[in-house]
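This is upload-v3.pdb (PDB, C-alpha atoms).
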ATOM      1  CA  MET A   1     -13.265   4.677  10.166  1.00  0.00           C
ATOM      2  CA  GLU A   2     -13.158   0.887   9.802  1.00  0.00           C
ATOM      3  CA  GLY A   3     -11.957   1.243   6.222  1.00  0.00           C
ATOM      4  CA  CYS A   4      -9.157   3.531   7.355  1.00  0.00           C
ATOM      5  CA  ALA A   5      -8.037   0.935   9.878  1.00  0.00           C
ATOM      6  CA  LYS A   6      -7.770  -1.632   7.094  1.00  0.00           C
ATOM      7  CA  LEU A   7      -5.652   0.641   4.931  1.00  0.00           C
ATOM      8  CA  MET A   8      -3.408   1.283   7.927  1.00  0.00           C
ATOM      9  CA  VAL A   9      -2.742  -2.433   7.913  1.00  0.00           C
ATOM     10  CA  VAL A  10      -1.964  -2.214   4.188  1.00  0.00           C
ATOM     11  CA  ALA A  11       0.603   0.474   4.891  1.00  0.00           C
ATOM     12  CA  MET A  12       2.081  -1.587   7.736  1.00  0.00           C
ATOM     13  CA  VAL A  13       2.500  -4.528   5.388  1.00  0.00           C
ATOM     14  CA  LEU A  14       4.183  -2.274   2.832  1.00  0.00           C
ATOM     15  CA  VAL A  15       6.509  -1.139   5.625  1.00  0.00           C
ATOM     16  CA  ALA A  16       7.211  -4.748   6.602  1.00  0.00           C
ATOM     17  CA  LEU A  17       7.995  -5.573   2.997  1.00  0.00           C
ATOM     18  CA  ALA A  18      10.309  -2.584   2.756  1.00  0.00           C
ATOM     19  CA  LEU A  19      12.202  -4.072   5.684  1.00  0.00           C
ATOM     20  CA  GLY A  20      12.447  -7.379   3.879  1.00  0.00           C
ATOM     21  CA  SER A  21      10.003  -9.198   6.091  1.00  0.00           C
ATOM     22  CA  GLY A  22       6.326  -9.861   5.768  1.00  0.00           C
ATOM     23  CA  PRO A  23       4.977 -11.448   8.931  1.00  0.00           C
ATOM     24  CA  ILE A  24       1.658  -9.649   8.640  1.00  0.00           C
ATOM     25  CA  ALA A  25       0.711 -11.229   5.312  1.00  0.00           C
ATOM     26  CA  ALA A  26       2.507 -14.536   5.468  1.00  0.00           C
ATOM     27  CA  ASN A  27       1.558 -18.092   4.565  1.00  0.00           C
ATOM     28  CA  GLY A  28      -1.043 -17.143   1.983  1.00  0.00           C
ATOM     29  CA  GLN A  29      -2.892 -14.785   4.300  1.00  0.00           C
ATOM     30  CA  LYS A  30      -4.256 -11.550   2.903  1.00  0.00           C
ATOM     31  CA  VAL A  31      -4.297  -8.153   4.537  1.00  0.00           C
ATOM     32  CA  CYS A  32      -7.015  -5.808   3.359  1.00  0.00           C
ATOM     33  CA  GLY A  33      -7.574  -8.269   0.534  1.00  0.00           C
ATOM     34  CA  ILE A  34      -3.955  -8.145  -0.701  1.00  0.00           C
ATOM     35  CA  SER A  35      -1.396 -10.949  -0.447  1.00  0.00           C
ATOM     36  CA  LYS A  36       2.282 -10.507   0.347  1.00  0.00           C
ATOM     37  CA  GLU A  37       3.025 -11.117  -3.333  1.00  0.00           C
ATOM     38  CA  GLY A  38       0.592  -8.361  -4.255  1.00  0.00           C
ATOM     39  CA  PHE A  39       2.323  -5.932  -1.917  1.00  0.00           C
ATOM     40  CA  GLU A  40       5.699  -6.878  -3.414  1.00  0.00           C
ATOM     41  CA  ALA A  41       4.351  -6.265  -6.913  1.00  0.00           C
ATOM     42  CA  CYS A  42       3.174  -2.774  -5.923  1.00  0.00           C
ATOM     43  CA  ARG A  43       6.223  -1.768  -3.889  1.00  0.00           C
ATOM     44  CA  PRO A  44       8.250  -0.217  -6.769  1.00  0.00           C
ATOM     45  CA  SER A  45       5.352   2.123  -7.560  1.00  0.00           C
ATOM     46  CA  VAL A  46       5.191   3.552  -4.023  1.00  0.00           C
ATOM     47  CA  ASN A  47       8.945   3.959  -3.478  1.00  0.00           C
ATOM     48  CA  ALA A  48       9.544   7.457  -2.105  1.00  0.00           C
ATOM     49  CA  ALA A  49      13.242   7.374  -3.062  1.00  0.00           C
ATOM     50  CA  ASP A  50      12.520   6.985  -6.758  1.00  0.00           C
ATOM     51  CA  PRO A  51      11.807  10.345  -8.403  1.00  0.00           C
ATOM     52  CA  ASN A  52      10.161   8.546 -11.328  1.00  0.00           C
ATOM     53  CA  PRO A  53       8.655   5.320 -10.007  1.00  0.00           C
ATOM     54  CA  PRO A  54       7.242   2.911 -12.549  1.00  0.00           C
ATOM     55  CA  PRO A  55       3.506   2.691 -13.000  1.00  0.00           C
ATOM     56  CA  PRO A  56       1.895  -0.199 -11.173  1.00  0.00           C
ATOM     57  CA  SER A  57       2.320  -3.493 -12.984  1.00  0.00           C
ATOM     58  CA  GLY A  58      -0.549  -5.655 -14.118  1.00  0.00           C
ATOM     59  CA  VAL A  59       0.239  -7.994 -11.228  1.00  0.00           C
ATOM     60  CA  CYS A  60       0.043  -5.068  -8.802  1.00  0.00           C
ATOM     61  CA  CYS A  61      -3.258  -3.861 -10.242  1.00  0.00           C
ATOM     62  CA  LYS A  62      -4.721  -7.360 -10.113  1.00  0.00           C
ATOM     63  CA  ALA A  63      -3.670  -7.581  -6.461  1.00  0.00           C
ATOM     64  CA  LEU A  64      -5.685  -4.424  -5.776  1.00  0.00           C
ATOM     65  CA  ASP A  65      -8.934  -5.817  -7.193  1.00  0.00           C
ATOM     66  CA  ASP A  66     -10.243  -6.819  -3.763  1.00  0.00           C
ATOM     67  CA  ALA A  67      -8.300  -4.299  -1.694  1.00  0.00           C
ATOM     68  CA  ASP A  68      -9.870  -1.902   0.778  1.00  0.00           C
ATOM     69  CA  PHE A  69      -7.692   1.208   0.628  1.00  0.00           C
ATOM     70  CA  LYS A  70      -9.509   3.580   2.956  1.00  0.00           C
ATOM     71  CA  CYS A  71      -7.508   2.521   6.007  1.00  0.00           C
ATOM     72  CA  LEU A  72      -4.362   4.036   4.421  1.00  0.00           C
ATOM     73  CA  CYS A  73      -5.659   7.378   5.635  1.00  0.00           C
ATOM     74  CA  LEU A  74      -4.585   6.512   9.175  1.00  0.00           C
ATOM     75  CA  PHE A  75      -0.984   6.518   7.926  1.00  0.00           C
ATOM     76  CA  LYS A  76      -1.264   9.864   6.161  1.00  0.00           C
ATOM     77  CA  ASN A  77       0.943  11.637   8.693  1.00  0.00           C
ATOM     78  CA  SER A  78       2.770   8.587   9.991  1.00  0.00           C
ATOM     79  CA  LYS A  79       6.532   8.709  10.393  1.00  0.00           C
ATOM     80  CA  TRP A  80       6.566   5.032   9.353  1.00  0.00           C
ATOM     81  CA  MET A  81       5.702   5.917   5.787  1.00  0.00           C
ATOM     82  CA  THR A  82       8.751   8.141   5.356  1.00  0.00           C
ATOM     83  CA  ASP A  83      11.044   6.022   7.529  1.00  0.00           C
ATOM     84  CA  TYR A  84      10.486   3.028   5.273  1.00  0.00           C
ATOM     85  CA  GLY A  85      10.460   4.852   1.972  1.00  0.00           C
ATOM     86  CA  ILE A  86       6.768   4.594   1.169  1.00  0.00           C
ATOM     87  CA  ASP A  87       5.236   7.633  -0.453  1.00  0.00           C
ATOM     88  CA  PHE A  88       1.750   8.004   1.015  1.00  0.00           C
ATOM     89  CA  ASN A  89       0.334   9.779  -2.026  1.00  0.00           C
ATOM     90  CA  ARG A  90       1.688   7.154  -4.393  1.00  0.00           C
ATOM     91  CA  ALA A  91       0.178   4.352  -2.311  1.00  0.00           C
ATOM     92  CA  LYS A  92      -3.122   6.215  -2.121  1.00  0.00           C
ATOM     93  CA  ASP A  93      -3.143   6.758  -5.888  1.00  0.00           C
ATOM     94  CA  LEU A  94      -2.596   3.118  -6.863  1.00  0.00           C
ATOM     95  CA  PRO A  95      -6.301   2.362  -7.424  1.00  0.00           C
ATOM     96  CA  VAL A  96      -6.631   5.326  -9.796  1.00  0.00           C
ATOM     97  CA  LYS A  97      -3.436   4.454 -11.676  1.00  0.00           C
ATOM     98  CA  CYS A  98      -4.756   0.925 -12.082  1.00  0.00           C
ATOM     99  CA  ASN A  99      -8.049   2.237 -13.479  1.00  0.00           C
ATOM    100  CA  SER A 100      -9.876   0.226 -10.861  1.00  0.00           C
ATOM    101  CA  GLY A 101     -12.751   2.661 -10.540  1.00  0.00           C
ATOM    102  CA  LYS A 102     -11.839   3.101  -6.873  1.00  0.00           C
ATOM    103  CA  SER A 103     -10.336   6.139  -5.225  1.00  0.00           C
ATOM    104  CA  VAL A 104      -9.090   7.001  -1.760  1.00  0.00           C
ATOM    105  CA  THR A 105     -10.175  10.220  -0.103  1.00  0.00           C
ATOM    106  CA  CYS A 106      -8.752  11.026   3.304  1.00  0.00           C
TER     107      CYS A 106
END
With the file now loaded, output its structure as structure tokens.
Amino acid sequence: MEGCAKLMVVAMVLVALALGSGPIAANGQKVCGISKEGFEACRPSVNAADPNPPPPSGVCCKALDDADFKCLCLFKNSKWMTDYGIDFNRAKDLPVKCNSGKSVTC
């Protein structure tokens, strides 16, 4: 369950970035191993409003190298994900799309 808590924080940071703020991962801090810049790089690929989002960029994939994505599962049914335009399945699938050898199973 600890891993799921970390991914929840990842989703919260994505939500904060969608709002144009990033107090959770500010000043060089990392959340679940990902910096604010890393979240920004991945944001287009998890945009729920885009019917054909771009694949994650190299910068996004590099940002995921040290990420712990299991805590995203706590946001699976969260209203926050839809309220802020983050597609849960797209966020969950980032490690696979980046060929990181990691996967998220909720």
Note to self: Given the point (3.9, -6.2, -9.6) in the coordinates of this file, which residues lie within 6 Å, counting all atoms listed in the file, and how would they look as a ChimeraX atom specification?
What the structure shows: /A:41-42,57,59-60
Next item on the list: Would you kindly return, as a PyMOL selection string, each protein, DNA or RNA residue with an atom no farther than 9 Å from any atom of range 96-103 of chain A, considering only C-alpha atoms and excluding same-chain residues fewer than 5 positions away?
Entry: chain A and resi 55-58+60-62+64-65+69-70
Note to self: Please compute the CA of Trp80 in chain A-CA of Ser35 in chain A distance, one decimal, in Å.
What the structure shows: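 So the answer is 20.4 Å.
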Check: Just how far from CA of Asp66 in chain A is CA of Asp50 in chain A, in Å to one decimal?
Finding: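 Separation of CA of Asp50 in chain A and CA of Asp66 in chain A: 26.8 Å.
With only C-alpha atoms as the atoms that count, the residue of A:Cys73, A:Ala67, A:Ile34, A:Ala49 with the shortest distance to Phe88 in chain A is A:Cys73.
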Next item on the list: Please indicate the distance in Å from CA of Ala48 in chain A to CA of Asp87 in chain A, rounded to one decimal place.
Entry: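 Straight-line distance from CA of Ala48 in chain A to CA of Asp87 in chain A works out to 4.6 Å.
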Notebook entry, point to check: Taking all atoms listed in the file into account, which of A:Pro95, A:Asn52, A:Cys106, A:Asn47 comes nearest Lys76 in chain A?
Noted result: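 Answer, going by the shortest atom-to-atom distance: A:Cys106.
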